[in-house]
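Taking it in order: structure first as structure tokens, then the write-up.
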Amino acid sequence: RVKIAELYKNSEAFGTKTITVCGWVRSVRDSKTLGFIDLNDGSCFKGLQIVFEAEKVENFAEVAKYNVGAAICVKGELLLTPQAKQPFELHATEITLEGASTPDYPLQKKRHSVEYLRSIAHLRPRTNLFSAAFRVRSAAAYGIHKFFQEQGFVYAHTPLITASDCEGAGEMFRVTTLDPANPPRKEDGTVDFNEDFFQKPASLTVSGQLEAECMAMAFGQVYTFGPTFRAEKSYTQRHAAEFWMIEPEIAFAELEDVMELAEAMMKYVIRYVMDTCPQDLAFCNQFVDKGLLDRLQNVVDNDFARVTYTEAVEILKKHNDKFEYKVDWGTDLQTEHEKFLTEQIYKRPVFVTNYPAEIKAFYMRANEDDKTVAAVDLLVPGIGEIIGGSQREERLDVLETKMKKLGMNPEDYWWYLDLRRYGSTRHGGYGLGFERLIMYLTGIQNIRDVLPFPRTTGSAEF
Ligand code: 4AD
Ligand code: MG
């Protein structure tokens, strides 16, 4: 049994042998004695042309009536056809039906809208667009692991259920065994968490960073790669409630090192996917985003731009007439501003550094100016923010003061503060939004189309 991808890699090796290929019917055409099936098995972007003749397959009439979507296995001989459109075709001697399909199969051989395909998330991986997207997703995940493993990073698994809100944005999904409609209450009327499984409020994690810091203080260089959850009600093309994040964390390092790592990782994974998924990217380049391949090549070949938040605000203020939200020092950059900077000003990825402390999370290291923190976001054309990171506050007294100022209880984070008590060191890291990376690699505009089963406000059907 051979996968179609193997045929495309080395068709000569199978030229005279009898092979079996299993997959799903994309289309059937036939005349009285000769028929053709376009077969797809998901191993690669391209399909395989099956030729079946009344003389050679005994169930010819039955095969000619197979519906689109049927699962079949085909035994036959591979014929190399270098002159034809397809480099080879499989001449069937035996075709067996594993599972029939019906004439009203929801995926017919025509172009369906992505909106329609979103409503059949269980079937859409069988289409060209989604098979390309999800194969790229798989390759990119492997490429990321390869990058970090080759550099000796330790892959750290951080908890999905947690009591801490790393980003402090209050976007946590509660995890509880109590009946939300009727929780047990203490005498004063407040919820009695003693009867809850964890005996205190727990939530799904928004980031593995705080635990990754613990691991980095043991291993020096670590990374996480796992799901994160945010109850962000923003109904945008780039926010999901459940998304995957890659969070490297490095010790004895400053903001500059964090940026160097991010740039090297981005270039490595782009190169890796260009090398391993050329057919998928060529399809995206043709049907999703015409400039995709040139743009990716440019990213790999050139240095990323760098600008401080303060400089970026000066640039953006000159264009305030173009924005819905006007920019001024102290405001957070919105998607429209991020896109403007990276698409109109720099025309390539750009690191924005040293944001105002007020708009960033508690753990970021205070700069000398006392107004900004050593934060960095990486913005890319077409998307805006793809990475958010920082150097961390390693000074115990500074961090404690900051937490109190923000109304946090340092006792809740005693373990996090311990890292600053025992062998504290300069360190930092970042979070890469995996779905945003896949959008960037494929040109796909909506995060719902790079997640196999997207969870966004009002949608968790599948
Ligand atoms: O900028 P964020 O919130 O940073 C953190 O969570 C840090 N703790 C990371 C770190 O320093 N270790 O999120 C990081 C990235 C964003 O740049 C974005 O790409 C992605 O995660 N992201 C989302 N992706 C999809 N849907 C959402 N709702 C997202 N929120 C953030
Ligand atoms: Mg961010």
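In the structure tokens, the first chain shown is A, the next is B, and so on; residue numbers restart at 1 for each chain, and ligands run from 1 in the order shown.
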Listing only residues of region 166-282 of chain A within 9 Å of region 444-450 of chain A, what is the closest atom pair and its distance in Å (to one decimal) for each, using only C-alpha atoms, sorted by chain and residue number ascending, as JSON lines?
```
{"residue": "A:Thr236", "atom": "CA", "partner": "A:Asn446", "partner_atom": "CA", "distance": 8.4}
{"residue": "A:Gln237", "atom": "CA", "partner": "A:Asn446", "partner_atom": "CA", "distance": 4.7}
{"residue": "A:Arg238", "atom": "CA", "partner": "A:Ile447", "partner_atom": "CA", "distance": 5.2}
{"residue": "A:His239", "atom": "CA", "partner": "A:Ile447", "partner_atom": "CA", "distance": 6.8}
{"residue": "A:Ala240", "atom": "CA", "partner": "A:Ile447", "partner_atom": "CA", "distance": 7.0}
```
* Asked: Do you know which residues are within 7 Å of ligand 2 using only C-alpha atoms and all ligand atoms? Can you write them as a list of chain:residue names?
  -> A:Asp377, A:Glu385, A:Ile387, A:Gly388
* **Sel. of helix (DSSP H, G or I) residues, region 167-362 of chain A, as number ranges by chain** => A: 193-195, 209-219, 255-276, 278-287, 292-301, 309-317, 320-322, 335-346, 357-359
* Surrounding residues of Gly208 (chain A) excluding itself and chain neighbours under 4 positions, 10 Å, only C-alpha atoms, as an MDAnalysis selection string -> chainID A and resid 156:160 162 166 212:213 223:228 245:248 431
Generate the output file for the selected residues, N, CA, C and O atoms, as a PDB file, in the first residue's frame.
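As written to disk, part.pdb reads:
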```
ATOM      1  N   ALA A 156       8.758  22.288  28.029  1.00  0.00           N
ATOM      2  CA  ALA A 156       8.118  22.261  29.342  1.00  0.00           C
ATOM      3  C   ALA A 156       6.602  22.232  29.195  1.00  0.00           C
ATOM      4  O   ALA A 156       6.041  23.006  28.428  1.00  0.00           O
ATOM      5  N   HIS A 157       5.968  21.325  29.920  1.00  0.00           N
ATOM      6  CA  HIS A 157       4.502  21.262  29.934  1.00  0.00           C
ATOM      7  C   HIS A 157       3.987  22.048  31.125  1.00  0.00           C
ATOM      8  O   HIS A 157       4.299  21.722  32.264  1.00  0.00           O
ATOM      9  N   THR A 158       3.214  23.068  30.847  1.00  0.00           N
ATOM     10  CA  THR A 158       2.689  23.908  31.918  1.00  0.00           C
ATOM     11  C   THR A 158       1.208  23.607  32.097  1.00  0.00           C
ATOM     12  O   THR A 158       0.562  23.113  31.168  1.00  0.00           O
ATOM     13  N   PRO A 159       0.665  23.879  33.283  1.00  0.00           N
ATOM     14  CA  PRO A 159      -0.715  23.433  33.546  1.00  0.00           C
ATOM     15  C   PRO A 159      -1.759  24.215  32.760  1.00  0.00           C
ATOM     16  O   PRO A 159      -1.569  25.393  32.464  1.00  0.00           O
ATOM     17  N   LEU A 160      -2.830  23.542  32.444  1.00  0.00           N
ATOM     18  CA  LEU A 160      -3.954  24.205  31.767  1.00  0.00           C
ATOM     19  C   LEU A 160      -4.945  24.748  32.786  1.00  0.00           C
ATOM     20  O   LEU A 160      -5.674  25.695  32.516  1.00  0.00           O
ATOM     21  N   THR A 162      -5.341  26.562  36.361  1.00  0.00           N
ATOM     22  CA  THR A 162      -4.460  27.384  37.190  1.00  0.00           C
ATOM     23  C   THR A 162      -5.272  28.363  38.031  1.00  0.00           C
ATOM     24  O   THR A 162      -6.434  28.634  37.732  1.00  0.00           O
ATOM     25  N   CYS A 166      -2.124  35.316  34.467  1.00  0.00           N
ATOM     26  CA  CYS A 166      -0.813  35.820  34.038  1.00  0.00           C
ATOM     27  C   CYS A 166      -0.897  37.196  33.407  1.00  0.00           C
ATOM     28  O   CYS A 166      -0.110  38.087  33.710  1.00  0.00           O
ATOM     29  N   ALA A 212       6.563  28.637  32.984  1.00  0.00           N
ATOM     30  CA  ALA A 212       7.746  28.510  32.118  1.00  0.00           C
ATOM     31  C   ALA A 212       8.936  29.218  32.762  1.00  0.00           C
ATOM     32  O   ALA A 212      10.075  28.758  32.667  1.00  0.00           O
ATOM     33  N   GLU A 213       8.675  30.327  33.452  1.00  0.00           N
ATOM     34  CA  GLU A 213       9.764  31.026  34.153  1.00  0.00           C
ATOM     35  C   GLU A 213      10.380  30.123  35.221  1.00  0.00           C
ATOM     36  O   GLU A 213      11.603  30.083  35.389  1.00  0.00           O
ATOM     37  N   TYR A 223      10.853  25.955  26.441  1.00  0.00           N
ATOM     38  CA  TYR A 223       9.731  26.476  25.665  1.00  0.00           C
ATOM     39  C   TYR A 223       8.496  25.652  25.970  1.00  0.00           C
ATOM     40  O   TYR A 223       8.593  24.478  26.331  1.00  0.00           O
ATOM     41  N   THR A 224       7.347  26.293  25.861  1.00  0.00           N
ATOM     42  CA  THR A 224       6.081  25.579  25.988  1.00  0.00           C
ATOM     43  C   THR A 224       5.446  25.560  24.601  1.00  0.00           C
ATOM     44  O   THR A 224       5.785  26.366  23.739  1.00  0.00           O
ATOM     45  N   PHE A 225       4.544  24.643  24.398  1.00  0.00           N
ATOM     46  CA  PHE A 225       3.763  24.632  23.148  1.00  0.00           C
ATOM     47  C   PHE A 225       2.460  23.938  23.497  1.00  0.00           C
ATOM     48  O   PHE A 225       2.418  22.718  23.589  1.00  0.00           O
ATOM     49  N   GLY A 226       1.433  24.735  23.730  1.00  0.00           N
ATOM     50  CA  GLY A 226       0.185  24.118  24.168  1.00  0.00           C
ATOM     51  C   GLY A 226      -0.984  25.062  24.028  1.00  0.00           C
ATOM     52  O   GLY A 226      -0.834  26.222  23.632  1.00  0.00           O
ATOM     53  N   PRO A 227      -2.169  24.554  24.341  1.00  0.00           N
ATOM     54  CA  PRO A 227      -3.370  25.380  24.222  1.00  0.00           C
ATOM     55  C   PRO A 227      -3.490  26.411  25.336  1.00  0.00           C
ATOM     56  O   PRO A 227      -3.042  26.163  26.455  1.00  0.00           O
ATOM     57  N   THR A 228      -4.046  27.551  25.003  1.00  0.00           N
ATOM     58  CA  THR A 228      -4.347  28.589  25.988  1.00  0.00           C
ATOM     59  C   THR A 228      -5.751  29.086  25.703  1.00  0.00           C
ATOM     60  O   THR A 228      -6.267  28.890  24.609  1.00  0.00           O
ATOM     61  N   MET A 245      -0.222  28.418  21.874  1.00  0.00           N
ATOM     62  CA  MET A 245       0.846  29.394  22.032  1.00  0.00           C
ATOM     63  C   MET A 245       2.177  28.673  22.258  1.00  0.00           C
ATOM     64  O   MET A 245       2.234  27.631  22.889  1.00  0.00           O
ATOM     65  N   ILE A 246       3.229  29.280  21.715  1.00  0.00           N
ATOM     66  CA  ILE A 246       4.599  28.801  21.920  1.00  0.00           C
ATOM     67  C   ILE A 246       5.269  29.854  22.795  1.00  0.00           C
ATOM     68  O   ILE A 246       5.299  31.028  22.418  1.00  0.00           O
ATOM     69  N   GLU A 247       5.761  29.453  23.956  1.00  0.00           N
ATOM     70  CA  GLU A 247       6.351  30.417  24.873  1.00  0.00           C
ATOM     71  C   GLU A 247       7.757  30.002  25.316  1.00  0.00           C
ATOM     72  O   GLU A 247       7.911  29.266  26.283  1.00  0.00           O
ATOM     73  N   PRO A 248       8.779  30.484  24.599  1.00  0.00           N
ATOM     74  CA  PRO A 248      10.143  30.248  25.067  1.00  0.00           C
ATOM     75  C   PRO A 248      10.475  31.187  26.211  1.00  0.00           C
ATOM     76  O   PRO A 248       9.925  32.288  26.303  1.00  0.00           O
ATOM     77  N   GLY A 431       5.585  35.055  23.694  1.00  0.00           N
ATOM     78  CA  GLY A 431       4.540  34.120  23.279  1.00  0.00           C
ATOM     79  C   GLY A 431       4.237  34.350  21.809  1.00  0.00           C
ATOM     80  O   GLY A 431       3.967  35.475  21.394  1.00  0.00           O
TER      81      GLY A 431
END
```
* **Test item: residues at most 8 Å from region 320-336 of chain A, only C-alpha atoms, excluding those fewer than 2 positions along its chain, as a PyMOL selection string** => chain A and resi 310+313+316-318+338-340+356+358-359+383-385
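Going from CA of Val2 (chain A) over to CA of Thr18 (chain A), you cover 10.2 Å.
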* Determine which residues of region 232-299 of chain A receive a DSSP assignment of strand (DSSP E or B), computed from the backbone, and state them as JSON, numbers by chain. => {"A": [242, 243, 244, 245, 246, 247, 248, 249, 250, 251]}
Output N, CA and C atoms for every residue in that selection, as a PDB file, in the first residue's frame.
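For reference, part04.pdb as written:
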```
ATOM      1  N   GLU A 242      -9.913  29.616  22.186  1.00  0.00           N
ATOM      2  CA  GLU A 242      -8.950  28.543  22.440  1.00  0.00           C
ATOM      3  C   GLU A 242      -7.911  28.611  21.337  1.00  0.00           C
ATOM      4  N   PHE A 243      -6.676  28.900  21.693  1.00  0.00           N
ATOM      5  CA  PHE A 243      -5.628  28.977  20.676  1.00  0.00           C
ATOM      6  C   PHE A 243      -4.346  28.394  21.249  1.00  0.00           C
ATOM      7  N   TRP A 244      -3.401  28.119  20.369  1.00  0.00           N
ATOM      8  CA  TRP A 244      -2.147  27.494  20.812  1.00  0.00           C
ATOM      9  C   TRP A 244      -1.052  28.541  20.862  1.00  0.00           C
ATOM     10  N   MET A 245      -0.222  28.418  21.874  1.00  0.00           N
ATOM     11  CA  MET A 245       0.846  29.394  22.032  1.00  0.00           C
ATOM     12  C   MET A 245       2.177  28.673  22.258  1.00  0.00           C
ATOM     13  N   ILE A 246       3.229  29.280  21.715  1.00  0.00           N
ATOM     14  CA  ILE A 246       4.599  28.801  21.920  1.00  0.00           C
ATOM     15  C   ILE A 246       5.269  29.854  22.795  1.00  0.00           C
ATOM     16  N   GLU A 247       5.761  29.453  23.956  1.00  0.00           N
ATOM     17  CA  GLU A 247       6.351  30.417  24.873  1.00  0.00           C
ATOM     18  C   GLU A 247       7.757  30.002  25.316  1.00  0.00           C
ATOM     19  N   PRO A 248       8.779  30.484  24.599  1.00  0.00           N
ATOM     20  CA  PRO A 248      10.143  30.248  25.067  1.00  0.00           C
ATOM     21  C   PRO A 248      10.475  31.187  26.211  1.00  0.00           C
ATOM     22  N   GLU A 249      11.338  30.729  27.099  1.00  0.00           N
ATOM     23  CA  GLU A 249      11.772  31.555  28.232  1.00  0.00           C
ATOM     24  C   GLU A 249      13.258  31.293  28.433  1.00  0.00           C
ATOM     25  N   ILE A 250      14.062  32.364  28.461  1.00  0.00           N
ATOM     26  CA  ILE A 250      15.516  32.172  28.554  1.00  0.00           C
ATOM     27  C   ILE A 250      16.110  32.942  29.734  1.00  0.00           C
ATOM     28  N   ALA A 251      17.032  32.276  30.443  1.00  0.00           N
ATOM     29  CA  ALA A 251      17.693  32.878  31.599  1.00  0.00           C
ATOM     30  C   ALA A 251      19.006  33.537  31.178  1.00  0.00           C
TER      31      ALA A 251
END
```
* Asked: Between CA of Asp38 (chain A) and CA of Val25 (chain A), what is the spacing in Å?
  ->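 Result for CA of Val25 (chain A) versus CA of Asp38 (chain A): 6.1 Å, one decimal.
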* **Distance criterion (only C-alpha atoms): nearest to Glu167 (chain A) out of A:Ala312, A:Ala361, A:Ala282, A:Ile50** =>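 That would be A:Ala361, the residue with the smallest distance to Glu167 (chain A).
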